[in-house]
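J.: Next comes entry05.cif, mmCIF, C-alpha atoms:
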```cif
data_my_file
#
loop_
_atom_site.group_PDB
_atom_site.id
_atom_site.type_symbol
_atom_site.label_atom_id
_atom_site.label_comp_id
_atom_site.auth_asym_id
_atom_site.auth_seq_id
_atom_site.Cartn_x
_atom_site.Cartn_y
_atom_site.Cartn_z
ATOM 1 C CA VAL A 64 0.000 0.000 0.000
ATOM 2 C CA TYR A 65 2.834 2.389 0.865
ATOM 3 C CA GLU A 66 4.488 1.648 -2.451
ATOM 4 C CA GLN A 67 1.188 2.190 -4.268
ATOM 5 C CA ALA A 68 0.784 5.573 -2.574
ATOM 6 C CA ALA A 69 4.284 6.569 -3.651
ATOM 7 C CA LEU A 70 3.449 5.585 -7.229
ATOM 8 C CA GLU A 71 0.257 7.639 -7.099
ATOM 9 C CA LEU A 72 2.316 10.616 -5.923
ATOM 10 C CA GLY A 73 4.429 10.343 -9.067
ATOM 11 C CA LEU A 74 7.430 8.253 -8.064
ATOM 12 C CA SER A 75 8.548 5.620 -10.520
ATOM 13 C CA ALA A 76 8.500 1.958 -9.518
ATOM 14 C CA ALA A 77 12.067 1.541 -8.247
ATOM 15 C CA PRO A 78 12.142 4.630 -5.998
ATOM 16 C CA ALA A 79 8.632 3.858 -4.728
ATOM 17 C CA HIS A 80 9.741 0.371 -3.758
ATOM 18 C CA THR A 81 12.947 1.643 -2.138
ATOM 19 C CA LEU A 82 11.003 4.266 -0.170
ATOM 20 C CA ALA A 83 8.430 1.760 1.077
ATOM 21 C CA VAL A 84 10.922 -0.912 2.070
ATOM 22 C CA GLY A 85 13.351 1.594 3.566
ATOM 23 C CA THR A 86 10.680 3.253 5.662
ATOM 24 C CA PHE A 87 9.445 0.027 7.191
ATOM 25 C CA SER A 88 12.834 -1.630 7.602
ATOM 26 C CA GLY A 89 14.204 1.520 9.231
ATOM 27 C CA ALA A 90 11.276 1.689 11.640
ATOM 28 C CA ALA A 91 11.634 -1.995 12.460
ATOM 29 C CA GLN A 92 15.372 -1.607 13.090
ATOM 30 C CA LEU A 93 14.800 1.357 15.405
ATOM 31 C CA ALA A 94 12.191 -0.601 17.349
ATOM 32 C CA ALA A 95 14.356 -3.727 17.536
ATOM 33 C CA GLN A 96 17.388 -1.811 18.794
ATOM 34 C CA SER A 97 15.515 0.062 21.516
ATOM 35 C CA PRO A 98 14.582 -1.271 24.935
ATOM 36 C CA ASP A 99 11.528 0.999 24.770
ATOM 37 C CA SER A 100 8.133 0.082 23.349
ATOM 38 C CA PRO A 101 7.538 0.759 19.655
ATOM 39 C CA SER A 102 5.058 3.430 20.728
ATOM 40 C CA ALA A 103 7.713 5.222 22.790
ATOM 41 C CA VAL A 104 10.188 5.050 19.895
ATOM 42 C CA ARG A 105 7.571 6.479 17.555
ATOM 43 C CA GLU A 106 6.895 9.337 19.942
ATOM 44 C CA ARG A 107 10.621 10.174 20.054
ATOM 45 C CA VAL A 108 11.024 10.310 16.284
ATOM 46 C CA THR A 109 7.756 12.075 15.435
ATOM 47 C CA SER A 110 8.195 15.837 15.099
ATOM 48 C CA LYS A 111 5.176 17.839 16.207
ATOM 49 C CA GLY A 112 3.478 19.088 13.047
ATOM 50 C CA GLY A 113 5.762 17.037 10.812
ATOM 51 C CA THR A 114 5.078 14.566 8.052
ATOM 52 C CA THR A 115 4.930 11.527 10.323
ATOM 53 C CA ALA A 116 2.544 13.322 12.664
ATOM 54 C CA ALA A 117 0.284 14.158 9.711
ATOM 55 C CA ALA A 118 0.322 10.558 8.503
ATOM 56 C CA LEU A 119 -0.360 9.185 11.976
ATOM 57 C CA ALA A 120 -3.286 11.554 12.458
ATOM 58 C CA ARG A 121 -4.800 10.279 9.213
ATOM 59 C CA LEU A 122 -4.286 6.655 10.238
ATOM 60 C CA GLN A 123 -5.893 7.330 13.605
ATOM 61 C CA ALA A 124 -8.873 9.040 11.962
ATOM 62 C CA ALA A 125 -9.309 5.998 9.711
ATOM 63 C CA ASN A 126 -9.210 3.661 12.726
ATOM 64 C CA VAL A 127 -6.312 1.717 11.252
ATOM 65 C CA LYS A 128 -5.167 0.524 14.697
ATOM 66 C CA GLN A 129 -8.428 -1.356 15.181
ATOM 67 C CA ALA A 130 -8.242 -2.778 11.658
ATOM 68 C CA ILE A 131 -4.766 -4.158 12.369
ATOM 69 C CA ILE A 132 -5.926 -5.682 15.664
ATOM 70 C CA GLU A 133 -8.829 -7.339 13.854
ATOM 71 C CA ALA A 134 -6.507 -8.612 11.112
ATOM 72 C CA VAL A 135 -4.190 -10.195 13.685
ATOM 73 C CA ARG A 136 -7.167 -11.793 15.433
ATOM 74 C CA ALA A 137 -8.435 -13.170 12.110
ATOM 75 C CA ALA A 138 -5.026 -14.636 11.300
ATOM 76 C CA ASN A 139 -4.834 -16.167 14.775
ATOM 77 C CA ALA A 140 -8.301 -17.706 14.448
ATOM 78 C CA ARG A 141 -7.416 -19.152 11.053
ATOM 79 C CA ALA A 142 -4.132 -20.542 12.370
ATOM 80 C CA ARG A 143 -6.044 -22.324 15.123
ATOM 81 C CA GLU A 144 -8.510 -23.725 12.575
ATOM 82 C CA MET A 145 -5.659 -24.974 10.415
ATOM 83 C CA GLY A 146 -3.995 -26.560 13.444
ATOM 84 C CA ASP A 147 -7.251 -28.291 14.336
ATOM 85 C CA GLU A 148 -7.559 -29.564 10.750
ATOM 86 C CA ILE A 149 -4.048 -30.981 10.892
ATOM 87 C CA ASP A 150 -4.752 -32.631 14.244
ATOM 88 C CA ARG A 151 -7.861 -34.342 12.803
ATOM 89 C CA ASN A 152 -5.927 -35.784 9.891
#
```
Turn the structure described in the file into structure tokens.

T.:
Amino acid sequence: VYEQAALELGLSAAPAHTLAVGTFSGAAQLAAQSPDSPSAVRERVTSKGGTTAAALARLQAANVKQAIIEAVRAANARAREMGDEIDRN
């Protein structure tokens, strides 16, 4: 989705891909290297009124947090179903 947004903003395929992957891998590395929660890390790197703050406000308005929680729950439920299917066979 991030890559698609970059394409829609006019980036060509290679830079859009690099931007998307770099953004998420950089965020994951910061979180992995910190003893703090991902939320605390995000708060430290988000400038008030900056681009990340604008993006996060939009995500919050769209209730993306709840959508992610529901997606994880759905994956967990399906994993349990698949495990039960394997156990029956």

J.: Mind giving me the straight-line distance from CA of Ala118 (chain A) to CA of Tyr65 (chain A) in Å, one decimal?

T.: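 Distance between the two atoms: 11.5 Å.
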
J.: When you draw a straight line from CA of Arg151 (chain A) to CA of Asn139 (chain A), how long is it in Å?

T.: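 Taking CA of Arg151 (chain A) as the start and CA of Asn139 (chain A) as the end point, the length is 18.5 Å.
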
J.: When distances are computed from only C-alpha atoms, which of A:Val64, A:Gln96, A:Ser110, A:Ala134 shows the smallest separation from Ala83 (chain A)?

T.: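 Comparing A:Val64, A:Gln96, A:Ser110, A:Ala134 against Ala83 (chain A), the winner is A:Val64.
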
J.: How big is the axis-aligned box around the listed atoms of region 68-83 of chain A once 5 Å is added on each side, and where is its centre? Give both in Å to one decimal, as lines of an AutoDock Vina configuration file.

T.:
```
center_x = 6.6
center_y = 5.5
center_z = -4.7
size_x = 22.7
size_y = 20.2
size_z = 21.6
```

J.: When you look at Glu66 (chain A) with a cut-off of 9 Å (counting all atoms listed in the file), what residues show up, excluding the ones that are within fewer than 5 positions of it in the same chain? I need them as a CSV table (one decimal) with C-alpha atoms, keeping the file's coordinate frame.

T.:
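Heads up, here's the output in selection_39.csv:
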```
chain,number,residue,atom,x,y,z
A,71,GLU,CA,0.3,7.6,-7.1
A,76,ALA,CA,8.5,2.0,-9.5
A,78,PRO,CA,12.1,4.6,-6.0
A,79,ALA,CA,8.6,3.9,-4.7
A,80,HIS,CA,9.7,0.4,-3.8
A,81,THR,CA,12.9,1.6,-2.1
A,82,LEU,CA,11.0,4.3,-0.2
A,83,ALA,CA,8.4,1.8,1.1
A,84,VAL,CA,10.9,-0.9,2.1
```

J.: Quick one: pull the distance between CA of Val108 (chain A) and CA of Leu93 (chain A), Å, one decimal.

T.: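 Atom-to-atom, CA of Val108 (chain A) to CA of Leu93 (chain A), that is 9.8 Å.
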